[in-house]
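S.K.: So here's start-v7.cif (mmCIF, C-alpha atoms).
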data_query
#
loop_
_atom_site.label_atom_id
_atom_site.label_comp_id
_atom_site.auth_asym_id
_atom_site.auth_seq_id
_atom_site.Cartn_x
_atom_site.Cartn_y
_atom_site.Cartn_z
CA MET Q 1 15.32 -74.43 44.47
CA SER Q 2 14.58 -71.43 46.67
CA GLN Q 3 14.92 -73.43 49.91
CA LYS Q 4 18.71 -73.32 49.70
CA GLN Q 5 21.38 -71.43 47.85
CA GLN Q 6 21.84 -72.73 44.31
CA THR Q 7 24.23 -71.95 41.48
CA ILE Q 8 22.71 -70.85 38.20
CA GLY Q 9 24.68 -70.78 34.96
CA VAL Q 10 23.86 -68.44 32.09
CA LEU Q 11 25.08 -68.64 28.51
CA THR Q 12 24.38 -67.09 25.11
CA SER Q 13 24.45 -69.30 22.05
CA GLY Q 14 24.10 -68.99 18.28
CA GLY Q 15 23.88 -65.60 16.59
CA ASP Q 16 24.23 -62.54 18.80
CA ALA Q 17 21.25 -60.22 19.21
CA PRO Q 18 20.85 -56.74 20.72
CA GLY Q 19 19.28 -57.14 24.15
CA MET Q 20 21.16 -60.28 25.13
CA ASN Q 21 23.12 -58.24 27.67
CA ALA Q 22 19.87 -56.96 29.16
CA ALA Q 23 18.72 -60.57 29.56
CA ILE Q 24 22.04 -61.57 31.15
CA ARG Q 25 21.80 -58.65 33.56
CA ALA Q 26 18.27 -59.66 34.55
CA VAL Q 27 19.31 -63.27 35.11
CA VAL Q 28 22.22 -62.27 37.36
CA ARG Q 29 20.35 -59.69 39.40
CA THR Q 30 17.21 -61.77 39.83
CA ALA Q 31 19.27 -64.79 40.89
CA THR Q 32 21.33 -62.84 43.42
CA ASP Q 33 18.17 -61.20 44.76
CA LEU Q 34 16.83 -64.71 45.42
CA GLY Q 35 20.04 -65.67 47.20
CA HIS Q 36 21.60 -67.78 44.43
CA LYS Q 37 25.11 -67.72 42.97
CA VAL Q 38 25.63 -67.15 39.26
CA LYS Q 39 28.30 -68.43 36.90
CA GLY Q 40 28.62 -66.92 33.47
CA ILE Q 41 29.42 -69.56 30.86
CA MET Q 42 31.63 -68.07 28.15
CA ARG Q 43 31.17 -68.77 24.42
CA GLY Q 44 27.97 -70.78 24.70
CA PHE Q 45 28.00 -74.57 24.77
CA THR Q 46 31.62 -74.52 23.56
CA GLY Q 47 32.64 -72.69 26.73
CA LEU Q 48 30.58 -75.12 28.81
CA LEU Q 49 32.49 -78.08 27.40
CA GLU Q 50 35.80 -76.25 27.88
CA GLU Q 51 34.85 -75.19 31.43
CA GLU Q 52 35.13 -71.46 30.78
CA PHE Q 53 33.22 -70.01 33.74
CA ILE Q 54 33.24 -66.66 35.49
CA ASP Q 55 31.62 -65.77 38.80
CA MET Q 56 29.03 -63.03 38.37
CA ASP Q 57 27.27 -60.69 40.78
CA ALA Q 58 25.18 -57.54 40.58
CA MET Q 59 28.21 -55.33 40.00
CA SER Q 60 29.56 -57.48 37.16
CA VAL Q 61 26.53 -56.60 35.03
CA SER Q 62 26.51 -52.87 35.75
CA ASP Q 63 26.24 -50.64 32.67
CA ILE Q 64 25.70 -53.47 30.18
CA ILE Q 65 21.99 -53.01 29.51
CA SER Q 66 22.65 -50.46 26.75
CA ARG Q 67 25.39 -52.48 25.03
CA GLY Q 68 24.81 -54.59 21.94
CA GLY Q 69 26.26 -58.06 21.47
CA THR Q 70 26.87 -60.29 24.48
CA ILE Q 71 29.47 -59.90 27.21
CA LEU Q 72 29.55 -63.70 27.54
CA TYR Q 73 30.43 -64.12 23.85
CA THR Q 74 28.70 -66.72 21.72
CA SER Q 75 29.43 -69.58 19.35
CA ARG Q 76 27.92 -72.59 17.66
CA CYS Q 77 29.05 -75.95 19.00
CA ASP Q 78 28.97 -79.11 16.87
CA GLU Q 79 30.30 -81.25 19.73
CA PHE Q 80 27.26 -80.48 21.87
CA LYS Q 81 25.02 -81.88 19.15
CA THR Q 82 26.38 -85.34 20.00
CA GLU Q 83 25.24 -87.47 22.93
CA GLU Q 84 28.82 -87.64 24.18
CA GLY Q 85 29.02 -83.86 24.23
CA GLN Q 86 25.71 -83.57 26.06
CA ILE Q 87 26.76 -86.09 28.73
CA LYS Q 88 30.06 -84.29 29.13
CA GLY Q 89 28.28 -80.92 29.50
CA ALA Q 90 26.02 -82.25 32.25
CA GLU Q 91 28.99 -83.80 34.09
CA ILE Q 92 30.84 -80.48 33.94
CA CYS Q 93 27.80 -78.69 35.38
CA ARG Q 94 27.74 -81.12 38.30
CA LYS Q 95 31.49 -80.81 38.78
CA HIS Q 96 31.13 -77.03 39.19
CA GLY Q 97 27.96 -77.24 41.29
CA ILE Q 98 25.72 -75.70 38.62
CA ASP Q 99 22.13 -76.68 39.39
CA GLY Q 100 20.38 -74.92 36.51
CA VAL Q 101 21.26 -73.11 33.29
CA VAL Q 102 19.58 -70.23 31.47
CA VAL Q 103 20.22 -70.57 27.74
CA ILE Q 104 19.72 -67.41 25.66
CA GLY Q 105 19.52 -68.05 21.91
CA GLY Q 106 17.46 -69.37 19.02
CA ASP Q 107 15.97 -72.74 18.13
CA GLY Q 108 19.35 -74.47 17.87
CA SER Q 109 20.14 -73.27 21.38
CA PHE Q 110 16.75 -74.57 22.53
CA ARG Q 111 17.65 -78.03 21.29
CA GLY Q 112 20.89 -77.84 23.27
CA ALA Q 113 18.98 -76.74 26.37
CA GLU Q 114 16.53 -79.62 25.98
CA LYS Q 115 19.34 -82.14 25.65
CA LEU Q 116 21.04 -80.77 28.75
CA ALA Q 117 17.76 -81.09 30.64
CA GLU Q 118 17.51 -84.72 29.51
CA GLN Q 119 20.87 -85.26 31.22
CA GLY Q 120 19.44 -84.01 34.51
CA ILE Q 121 20.49 -80.35 34.49
CA ARG Q 122 17.58 -77.94 34.84
CA THR Q 123 17.39 -75.57 31.88
CA ILE Q 124 15.25 -72.60 30.89
CA ALA Q 125 15.53 -71.08 27.41
CA VAL Q 126 15.17 -67.40 26.53
CA PRO Q 127 14.35 -66.63 22.85
CA GLY Q 128 17.23 -64.51 21.61
CA THR Q 129 17.29 -64.12 17.82
CA ILE Q 130 16.85 -61.19 15.46
CA ASP Q 131 14.88 -63.40 13.04
CA LEU Q 132 11.66 -63.56 15.13
CA ASP Q 133 11.37 -67.21 14.04
CA ILE Q 134 10.41 -68.82 17.37
CA ALA Q 135 6.79 -69.91 17.01
CA CYS Q 136 5.77 -69.90 20.69
CA THR Q 137 6.49 -66.20 21.15
CA GLU Q 138 5.47 -62.96 19.47
CA TYR Q 139 8.73 -61.36 20.56
CA THR Q 140 12.36 -62.48 20.41
CA VAL Q 141 15.29 -60.59 21.91
CA GLY Q 142 16.96 -58.45 19.25
CA PHE Q 143 14.27 -58.33 16.56
CA ASP Q 144 13.08 -54.83 17.41
CA THR Q 145 16.58 -53.35 17.23
CA ALA Q 146 17.48 -55.26 14.07
CA VAL Q 147 14.37 -54.24 12.16
CA ASN Q 148 14.82 -50.60 13.18
CA THR Q 149 18.44 -50.72 11.99
CA ALA Q 150 17.30 -52.16 8.65
CA MET Q 151 14.52 -49.57 8.36
CA GLU Q 152 16.86 -46.65 8.98
CA ALA Q 153 19.35 -47.96 6.41
CA ALA Q 154 16.58 -48.42 3.84
CA ASP Q 155 15.34 -44.87 4.46
CA LYS Q 156 18.81 -43.54 3.58
CA LEU Q 157 19.01 -45.71 0.49
CA ARG Q 158 15.63 -44.40 -0.67
CA ASP Q 159 17.04 -40.87 -0.66
CA THR Q 160 19.81 -41.90 -3.05
CA ALA Q 161 17.49 -44.00 -5.20
CA GLY Q 162 15.20 -40.99 -5.56
CA SER Q 163 18.04 -38.63 -6.43
CA HIS Q 164 19.29 -40.92 -9.21
CA GLU Q 165 15.90 -42.27 -10.34
CA ARG Q 166 17.03 -45.82 -9.65
CA CYS Q 167 15.58 -49.08 -8.52
CA ASN Q 168 17.24 -50.19 -5.31
CA LEU Q 169 17.14 -53.79 -4.09
CA ILE Q 170 17.86 -53.93 -0.35
CA GLU Q 171 18.86 -57.24 1.19
CA VAL Q 172 18.09 -57.74 4.88
CA MET Q 173 18.86 -60.73 7.09
CA GLY Q 174 16.62 -63.79 7.17
CA ARG Q 175 17.71 -67.02 5.49
CA THR Q 176 14.51 -68.93 6.21
CA ALA Q 177 12.41 -66.27 7.95
CA GLY Q 178 11.11 -63.15 6.26
CA HIS Q 179 9.93 -61.19 9.30
CA ILE Q 180 12.64 -58.49 9.11
CA ALA Q 181 12.04 -58.12 5.38
CA LEU Q 182 8.26 -57.86 5.73
CA TRP Q 183 8.33 -55.34 8.58
CA CYS Q 184 11.01 -53.30 6.83
CA ALA Q 185 9.09 -53.29 3.54
CA ILE Q 186 5.95 -51.94 5.22
CA ALA Q 187 7.86 -49.36 7.26
CA ASN Q 188 9.84 -48.12 4.27
CA GLY Q 189 6.96 -47.95 1.80
CA SER Q 190 8.60 -50.50 -0.47
CA GLU Q 191 7.09 -51.48 -3.80
CA TYR Q 192 7.86 -55.16 -3.41
CA VAL Q 193 9.21 -57.65 -0.88
CA LEU Q 194 10.70 -61.08 -1.51
CA LEU Q 195 10.09 -63.51 1.34
CA PRO Q 196 11.41 -67.08 1.75
CA GLU Q 197 8.00 -68.21 2.99
CA THR Q 198 6.17 -67.17 -0.18
CA TYR Q 199 8.82 -67.03 -2.91
CA ASN Q 200 8.16 -69.12 -6.02
CA ASP Q 201 9.49 -69.42 -9.56
CA GLY Q 202 7.16 -66.73 -10.89
CA GLU Q 203 7.80 -64.19 -8.14
CA LEU Q 204 10.63 -62.36 -9.91
CA ASP Q 205 8.55 -62.02 -13.09
CA LYS Q 206 5.73 -60.46 -11.05
CA LEU Q 207 8.19 -58.03 -9.48
CA ILE Q 208 9.57 -57.00 -12.88
CA GLU Q 209 6.09 -56.41 -14.29
CA LYS Q 210 5.18 -54.31 -11.27
CA VAL Q 211 8.30 -52.15 -11.65
CA LYS Q 212 7.52 -51.66 -15.35
CA SER Q 213 3.90 -50.68 -14.69
CA LYS Q 214 4.86 -48.26 -11.93
CA HIS Q 215 7.50 -46.70 -14.16
CA LYS Q 216 4.95 -46.17 -16.94
CA ILE Q 217 2.69 -44.11 -14.68
CA GLY Q 218 5.55 -41.88 -13.59
CA LYS Q 219 7.22 -43.65 -10.67
CA LYS Q 220 10.82 -42.34 -10.70
CA HIS Q 221 12.45 -44.68 -8.18
CA HIS Q 222 11.68 -48.08 -6.70
CA ILE Q 223 12.54 -49.80 -3.41
CA ILE Q 224 12.48 -53.59 -3.19
CA VAL Q 225 13.29 -55.49 0.01
CA ASN Q 226 14.83 -58.94 -0.30
CA ALA Q 227 15.32 -61.48 2.51
CA GLU Q 228 18.82 -62.96 2.21
CA GLY Q 229 17.52 -66.51 1.86
CA ILE Q 230 15.99 -65.77 -1.55
CA GLY Q 231 19.29 -65.74 -3.42
CA ASP Q 232 22.04 -63.53 -4.83
CA SER Q 233 20.73 -59.95 -4.62
CA PHE Q 234 23.31 -58.67 -7.10
CA GLU Q 235 22.19 -61.19 -9.73
CA ILE Q 236 18.55 -60.33 -9.05
CA ALA Q 237 19.38 -56.64 -9.49
CA LYS Q 238 21.07 -57.36 -12.83
CA THR Q 239 17.98 -59.25 -13.99
CA ILE Q 240 15.67 -56.38 -13.00
CA GLU Q 241 17.84 -53.84 -14.80
CA ARG Q 242 18.09 -55.98 -17.93
CA GLU Q 243 14.33 -56.60 -18.09
CA THR Q 244 13.15 -53.09 -17.17
CA GLY Q 245 15.88 -50.84 -18.53
CA ILE Q 246 15.96 -49.05 -15.16
CA GLU Q 247 19.31 -48.68 -13.43
CA THR Q 248 19.17 -51.07 -10.49
CA ARG Q 249 21.54 -51.34 -7.53
CA ALA Q 250 21.71 -54.01 -4.84
CA THR Q 251 22.70 -53.16 -1.28
CA VAL Q 252 23.32 -55.82 1.37
CA ILE Q 253 22.77 -54.31 4.81
CA GLY Q 254 24.39 -57.33 6.44
CA HIS Q 255 25.57 -57.81 9.99
CA ILE Q 256 25.06 -54.23 11.14
CA GLN Q 257 21.54 -55.51 11.87
CA ARG Q 258 22.96 -57.66 14.68
CA GLY Q 259 24.81 -54.84 16.41
CA GLY Q 260 24.11 -51.55 18.08
CA SER Q 261 22.55 -50.37 21.29
CA PRO Q 262 19.23 -52.18 21.85
CA THR Q 263 15.94 -50.32 21.62
CA CYS Q 264 13.82 -49.65 24.68
CA ARG Q 265 11.60 -52.61 23.86
CA ASP Q 266 14.53 -54.98 23.53
CA ARG Q 267 15.92 -53.79 26.87
CA VAL Q 268 12.61 -54.07 28.73
CA TYR Q 269 11.31 -57.31 27.24
CA ALA Q 270 14.70 -59.04 27.42
CA SER Q 271 14.91 -58.04 31.08
CA ALA Q 272 11.43 -59.44 31.76
CA LEU Q 273 12.20 -62.73 30.00
CA GLY Q 274 15.56 -63.14 31.73
CA SER Q 275 14.05 -62.51 35.14
CA ARG Q 276 11.18 -64.94 34.50
CA ALA Q 277 13.68 -67.62 33.48
CA VAL Q 278 15.35 -67.42 36.88
CA ASP Q 279 11.98 -67.45 38.66
CA LEU Q 280 11.16 -70.71 36.88
CA LEU Q 281 14.46 -72.29 37.93
CA ASP Q 282 13.86 -71.06 41.47
CA GLN Q 283 10.50 -72.87 41.39
CA GLY Q 284 12.18 -76.11 40.29
CA GLN Q 285 11.01 -75.92 36.67
CA THR Q 286 13.07 -77.33 33.82
CA SER Q 287 13.06 -77.66 30.03
CA ARG Q 288 10.90 -74.54 29.59
CA VAL Q 289 10.97 -71.61 27.16
CA VAL Q 290 9.95 -68.18 28.37
CA ALA Q 291 7.84 -66.24 25.88
CA TYR Q 292 5.66 -63.19 25.22
CA ARG Q 293 2.27 -64.09 23.79
CA HIS Q 294 -1.16 -62.44 23.73
CA GLY Q 295 0.11 -59.52 25.82
CA GLN Q 296 1.57 -61.65 28.59
CA PHE Q 297 4.92 -63.11 29.59
CA THR Q 298 4.46 -66.87 29.81
CA ASP Q 299 6.32 -70.14 29.27
CA TYR Q 300 6.07 -73.43 27.37
CA SER Q 301 7.84 -76.76 27.47
CA ILE Q 302 10.73 -76.77 25.04
CA SER Q 303 9.30 -79.79 23.21
CA GLU Q 304 5.94 -78.02 22.78
CA ALA Q 305 7.64 -74.83 21.60
CA MET Q 306 9.82 -76.66 19.08
CA ALA Q 307 6.79 -78.47 17.63
CA MET Q 308 5.05 -75.19 16.79
CA GLN Q 309 5.34 -73.83 13.24
CA LYS Q 310 6.10 -70.15 12.63
CA THR Q 311 4.89 -68.39 9.49
CA ILE Q 312 4.80 -64.77 8.49
CA ASP Q 313 1.84 -62.78 9.77
CA PRO Q 314 -0.85 -63.15 7.06
CA ASN Q 315 -2.36 -59.79 8.02
CA LEU Q 316 0.95 -58.03 7.42
CA ASP Q 317 1.45 -59.97 4.20
CA ARG Q 318 -1.93 -58.75 2.93
CA LEU Q 319 -1.12 -55.24 4.12
CA ILE Q 320 2.09 -54.93 2.13
CA HIS Q 321 0.23 -55.96 -1.04
CA LYS Q 322 -2.51 -53.38 -0.40
CA LEU Q 323 -0.13 -50.52 0.38
CA SER Q 324 2.36 -51.19 -2.42
CA ARG Q 325 -0.18 -51.03 -5.26
#
Show me the file's structure as structure tokens.
M.R.:
Amino acid sequence: MSQKQQTIGVLTSGGDAPGMNAAIRAVVRTATDLGHKVKGIMRGFTGLLEEEFIDMDAMSVSDIISRGGTILYTSRCDEFKTEEGQIKGAEICRKHGIDGVVVIGGDGSFRGAEKLAEQGIRTIAVPGTIDLDIACTEYTVGFDTAVNTAMEAADKLRDTAGSHERCNLIEVMGRTAGHIALWCAIANGSEYVLLPETYNDGELDKLIEKVKSKHKIGKKHHIIVNAEGIGDSFEIAKTIERETGIETRATVIGHIQRGGSPTCRDRVYASALGSRAVDLLDQGQTSRVVAYRHGQFTDYSISEAMAMQKTIDPNLDRLIHKLSR
């Protein structure tokens, strides 16, 4: 691609994540440095199908690195899941002279990128999700900010739980992935954590017995972290209170975990991944995912990345059980 000027599209898809703007900025500035044009694709694959494009240059991404969310907006697009939608998307890229697309998002966005590549449009995916649930990479854009937001909220809730001698159940994001919950539980000194990867029918009974035993030896307040995919936190809190006799409150931290100014790590790593994505397009690569693994920025084929299975870190899982005794 570097032999002549090309046009690179960039879009954000799926859930927003702090650091996406840093990745966008890196894509635009790396591309222009290499002599390419850049078109921002608004509202993800929906905007692609509706031909919502903006011309971007180095100045258009000034002062966005510290902003949360995504200046390109984002959405989920059912139409692009169909073959007709994928063919249409590729035809629109050709119509507008777009030679390659950088797709910033999670695994659903990766599938969209792969389908677009199958239609002949070069694509590179950047892992942007607060859930840290992309198996090929040890880092995803937004996780660091999200887990720090959850940690800070849990710290504040611990103060109130201590003052009132309560049990506080804190729900963090993660429908199918418990990484935020696990990291938050360790960082906040929680007594228990409920993870979708390990939850079973007897887990709540174990939690209740642990709260009872801690209370008997003088523990005045209790912090439990719950990943949202486990179930209704308010019903779980009622069950804990009924079985233990300890006043129990549930707090859902919710979507504040998606927002806010990204941490230093999210700004730096997102910038590195975004820049590498453009370098790969410039080299003529396609259907790749950029990643951070074993201390290096690297890349994998999308098909290889999607075949990998992500689980919670067993070392951290053992650690939380040791430290919460």
S.K.: For CA of His221 in chain Q and CA of Ala161 in chain Q, determine how far apart the two atoms are, in Å to one decimal place.
M.R.: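 Computed distance, CA of His221 in chain Q to CA of Ala161 in chain Q, equals 5.9 Å.
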S.K.: Evaluate the PyMOL selection byres ((chain Q and resi 115-122) around 6) and record the selected residues as a list in words, following the chain and residue labels used in the document.
M.R.: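 Applied to this file, the PyMOL selection byres ((chain Q and resi 115-122) around 6) selects Gly100, Gly112, Ala113, Glu114, Thr123, Thr286 and Ser287 of chain Q.
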S.K.: Selection from above, C-alpha atoms, as a CSV table (one decimal), in the coordinates of the input, can you write it?
M.R.:
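Contents of again04.csv, as written:
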chain,number,residue,atom,x,y,z
Q,100,GLY,CA,20.4,-74.9,36.5
Q,112,GLY,CA,20.9,-77.8,23.3
Q,113,ALA,CA,19.0,-76.7,26.4
Q,114,GLU,CA,16.5,-79.6,26.0
Q,123,THR,CA,17.4,-75.6,31.9
Q,286,THR,CA,13.1,-77.3,33.8
Q,287,SER,CA,13.1,-77.7,30.0
S.K.: Between CA of Lys220 in chain Q and CA of Asn168 in chain Q, measure the distance and give it in Å to one decimal.
M.R.: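 Computing the Euclidean distance for CA of Lys220 in chain Q and CA of Asn168 in chain Q yields 11.5 Å.
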S.K.: Pick the closest to Ile130 in chain Q from Q:Arg76, Q:Arg67, Q:His179, Q:Arg318: which is it, counting all atoms listed in the file?
M.R.: Q:His179
S.K.: When distances are computed from only C-alpha atoms, which of Q:Thr46, Q:Asn148, Q:Thr30, Q:Asn315 shows the smallest separation from Gly89 in chain Q?
M.R.: Q:Thr46
S.K.: Can you translate the PyMOL selection byres ((chain Q and resi 269) around 9) into the concrete residues it hits in this file, as a list in words?
M.R.: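 Applied to this file, the PyMOL selection byres ((chain Q and resi 269) around 9) returns Gly19, Ala22, Ala23, Tyr139, Thr140, Val141, Cys264, Arg265, Asp266, Arg267, Val268, Ala270, Ser271, Ala272, Leu273, Gly274, Tyr292 and Phe297 of chain Q.
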S.K.: Once the PyMOL selection byres ((chain Q and resi 15-17) around 8) has been evaluated on this model, what residues remain selected, and can you format them as a list of chain:residue names?
M.R.: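 When the PyMOL selection byres ((chain Q and resi 15-17) around 8) is applied, the selected residues are Q:Thr12, Q:Ser13, Q:Gly14, Q:Pro18, Q:Gly19, Q:Met20, Q:Gly68, Q:Gly69, Q:Thr70, Q:Thr74, Q:Ser75, Q:Gly105, Q:Gly106, Q:Gly128, Q:Thr129, Q:Ile130, Q:Val141, Q:Gly142, Q:Phe143, Q:Arg258, Q:Gly259.
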S.K.: Which residue, Q:Leu195, Q:Val38, Q:Asn188, Q:Glu241, has the smallest gap to Ala227 in chain Q when you use all atoms listed in the file?
M.R.: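 The shortest atom-to-atom distance to Ala227 in chain Q comes from Q:Leu195.
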S.K.: My list of candidates is Q:Asp57, Q:Asp155, Q:Asp313, Q:Glu52. Which is closest to Asp33 in chain Q when distances are computed with all atoms listed in the file?
M.R.: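 Result for the nearest residue to Asp33 in chain Q: Q:Asp57.
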S.K.: Ranking Q:Cys77, Q:Ile223, Q:Ala277, Q:Leu207 by minimum distance to Lys156 in chain Q and counting all atoms listed in the file, which one comes first?
M.R.: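 Among Q:Cys77, Q:Ile223, Q:Ala277, Q:Leu207, it is Q:Ile223 that comes nearest to Lys156 in chain Q.
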S.K.: Dump as a PyMOL selection string all residues having an atom at most 10 Å from (16.7, -60.7, 10.6), computed in the file's coordinates with only C-alpha atoms.
M.R.: chain Q and resi 17+129-133+142-147+150+172-181+227-228+254-255+257-258
S.K.: Find, counting all atoms listed in the file, the residue in Q:Ala185, Q:Cys93, Q:Val27, Q:Ile208 that gets nearest to Thr248 in chain Q.
M.R.: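 Of the candidates, the smallest distance to Thr248 in chain Q is held by Q:Ile208.
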S.K.: Set the distance at 9 Å and use all atoms listed in the file: which residues neighbour range 190-192 of chain Q once local chain neighbours fewer than 3 positions away are removed? I'd like the list as a list in words.
M.R.: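 Here the qualifying residues turn out to be Cys184, Ala185, Ile186, Ala187, Leu207, Lys210, Val211, His222, Ile223, Ile224, Val225, Asn226, Ile320, His321, Leu323, Ser324 and Arg325 of chain Q.
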S.K.: Tell me, as a PyMOL selection string, which residues lie within 10 Å of Leu204 in chain Q, counting all atoms listed in the file; anything in the same chain fewer than 6 positions away does not count.
M.R.: chain Q and resi 194+210+236+239-240
S.K.: For range 52-75 of chain Q of the block above, can you save N, CA and C atoms as a PDB file, in the first residue's frame?
M.R.:
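selection-v9.pdb, written as the output of this step:
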ATOM      1  N   GLU Q  52     -21.944   7.293   6.021  1.00  0.00           N
ATOM      2  CA  GLU Q  52     -21.673   8.452   6.878  1.00  0.00           C
ATOM      3  C   GLU Q  52     -20.166   8.564   7.085  1.00  0.00           C
ATOM      4  N   PHE Q  53     -19.514   9.335   6.241  1.00  0.00           N
ATOM      5  CA  PHE Q  53     -18.060   9.471   6.269  1.00  0.00           C
ATOM      6  C   PHE Q  53     -17.658  10.916   6.512  1.00  0.00           C
ATOM      7  N   ILE Q  54     -16.532  11.084   7.190  1.00  0.00           N
ATOM      8  CA  ILE Q  54     -15.943  12.414   7.338  1.00  0.00           C
ATOM      9  C   ILE Q  54     -14.464  12.325   6.984  1.00  0.00           C
ATOM     10  N   ASP Q  55     -13.957  13.350   6.311  1.00  0.00           N
ATOM     11  CA  ASP Q  55     -12.529  13.401   6.032  1.00  0.00           C
ATOM     12  C   ASP Q  55     -11.794  13.794   7.301  1.00  0.00           C
ATOM     13  N   MET Q  56     -10.684  13.114   7.576  1.00  0.00           N
ATOM     14  CA  MET Q  56      -9.935  13.378   8.801  1.00  0.00           C
ATOM     15  C   MET Q  56      -8.483  13.667   8.469  1.00  0.00           C
ATOM     16  N   ASP Q  57      -7.879  14.548   9.270  1.00  0.00           N
ATOM     17  CA  ASP Q  57      -6.451  14.833   9.154  1.00  0.00           C
ATOM     18  C   ASP Q  57      -5.880  15.023  10.545  1.00  0.00           C
ATOM     19  N   ALA Q  58      -4.624  15.378  10.632  1.00  0.00           N
ATOM     20  CA  ALA Q  58      -3.961  15.482  11.932  1.00  0.00           C
ATOM     21  C   ALA Q  58      -4.661  16.468  12.853  1.00  0.00           C
ATOM     22  N   MET Q  59      -5.157  17.556  12.303  1.00  0.00           N
ATOM     23  CA  MET Q  59      -5.812  18.566  13.134  1.00  0.00           C
ATOM     24  C   MET Q  59      -7.169  18.097  13.651  1.00  0.00           C
ATOM     25  N   SER Q  60      -7.842  17.230  12.898  1.00  0.00           N
ATOM     26  CA  SER Q  60      -9.182  16.799  13.311  1.00  0.00           C
ATOM     27  C   SER Q  60      -9.156  15.890  14.543  1.00  0.00           C
ATOM     28  N   VAL Q  61      -7.972  15.404  14.899  1.00  0.00           N
ATOM     29  CA  VAL Q  61      -7.868  14.555  16.093  1.00  0.00           C
ATOM     30  C   VAL Q  61      -7.068  15.234  17.205  1.00  0.00           C
ATOM     31  N   SER Q  62      -6.884  16.539  17.083  1.00  0.00           N
ATOM     32  CA  SER Q  62      -6.199  17.274  18.148  1.00  0.00           C
ATOM     33  C   SER Q  62      -7.044  17.260  19.420  1.00  0.00           C
ATOM     34  N   ASP Q  63      -6.390  17.113  20.557  1.00  0.00           N
ATOM     35  CA  ASP Q  63      -7.035  17.228  21.870  1.00  0.00           C
ATOM     36  C   ASP Q  63      -8.111  16.178  22.137  1.00  0.00           C
ATOM     37  N   ILE Q  64      -8.036  15.024  21.492  1.00  0.00           N
ATOM     38  CA  ILE Q  64      -9.025  13.982  21.781  1.00  0.00           C
ATOM     39  C   ILE Q  64      -8.441  12.840  22.606  1.00  0.00           C
ATOM     40  N   ILE Q  65      -7.120  12.813  22.775  1.00  0.00           N
ATOM     41  CA  ILE Q  65      -6.500  11.667  23.430  1.00  0.00           C
ATOM     42  C   ILE Q  65      -6.952  11.514  24.886  1.00  0.00           C
ATOM     43  N   SER Q  66      -7.340  12.604  25.524  1.00  0.00           N
ATOM     44  CA  SER Q  66      -7.744  12.551  26.926  1.00  0.00           C
ATOM     45  C   SER Q  66      -9.247  12.368  27.103  1.00  0.00           C
ATOM     46  N   ARG Q  67      -9.982  12.313  26.009  1.00  0.00           N
ATOM     47  CA  ARG Q  67     -11.440  12.216  26.093  1.00  0.00           C
ATOM     48  C   ARG Q  67     -11.895  10.762  26.096  1.00  0.00           C
ATOM     49  N   GLY Q  68     -12.901  10.478  26.935  1.00  0.00           N
ATOM     50  CA  GLY Q  68     -13.510   9.152  26.927  1.00  0.00           C
ATOM     51  C   GLY Q  68     -14.471   9.017  25.758  1.00  0.00           C
ATOM     52  N   GLY Q  69     -15.075   7.843  25.638  1.00  0.00           N
ATOM     53  CA  GLY Q  69     -16.013   7.610  24.545  1.00  0.00           C
ATOM     54  C   GLY Q  69     -15.308   7.532  23.207  1.00  0.00           C
ATOM     55  N   THR Q  70     -16.026   7.846  22.141  1.00  0.00           N
ATOM     56  CA  THR Q  70     -15.466   7.829  20.798  1.00  0.00           C
ATOM     57  C   THR Q  70     -16.059   8.957  19.973  1.00  0.00           C
ATOM     58  N   ILE Q  71     -15.219   9.759  19.375  1.00  0.00           N
ATOM     59  CA  ILE Q  71     -15.691  10.886  18.569  1.00  0.00           C
ATOM     60  C   ILE Q  71     -16.381  10.413  17.295  1.00  0.00           C
ATOM     61  N   LEU Q  72     -16.168   9.152  16.922  1.00  0.00           N
ATOM     62  CA  LEU Q  72     -16.821   8.607  15.724  1.00  0.00           C
ATOM     63  C   LEU Q  72     -18.171   7.971  16.056  1.00  0.00           C
ATOM     64  N   TYR Q  73     -18.537   7.960  17.315  1.00  0.00           N
ATOM     65  CA  TYR Q  73     -19.751   7.300  17.789  1.00  0.00           C
ATOM     66  C   TYR Q  73     -19.679   5.794  17.489  1.00  0.00           C
ATOM     67  N   THR Q  74     -20.610   5.062  18.045  1.00  0.00           N
ATOM     68  CA  THR Q  74     -20.571   3.613  17.883  1.00  0.00           C
ATOM     69  C   THR Q  74     -21.980   3.053  17.917  1.00  0.00           C
ATOM     70  N   SER Q  75     -22.131   1.851  17.416  1.00  0.00           N
ATOM     71  CA  SER Q  75     -23.436   1.191  17.408  1.00  0.00           C
ATOM     72  C   SER Q  75     -23.218  -0.296  17.177  1.00  0.00           C
TER      73      SER Q  75
END
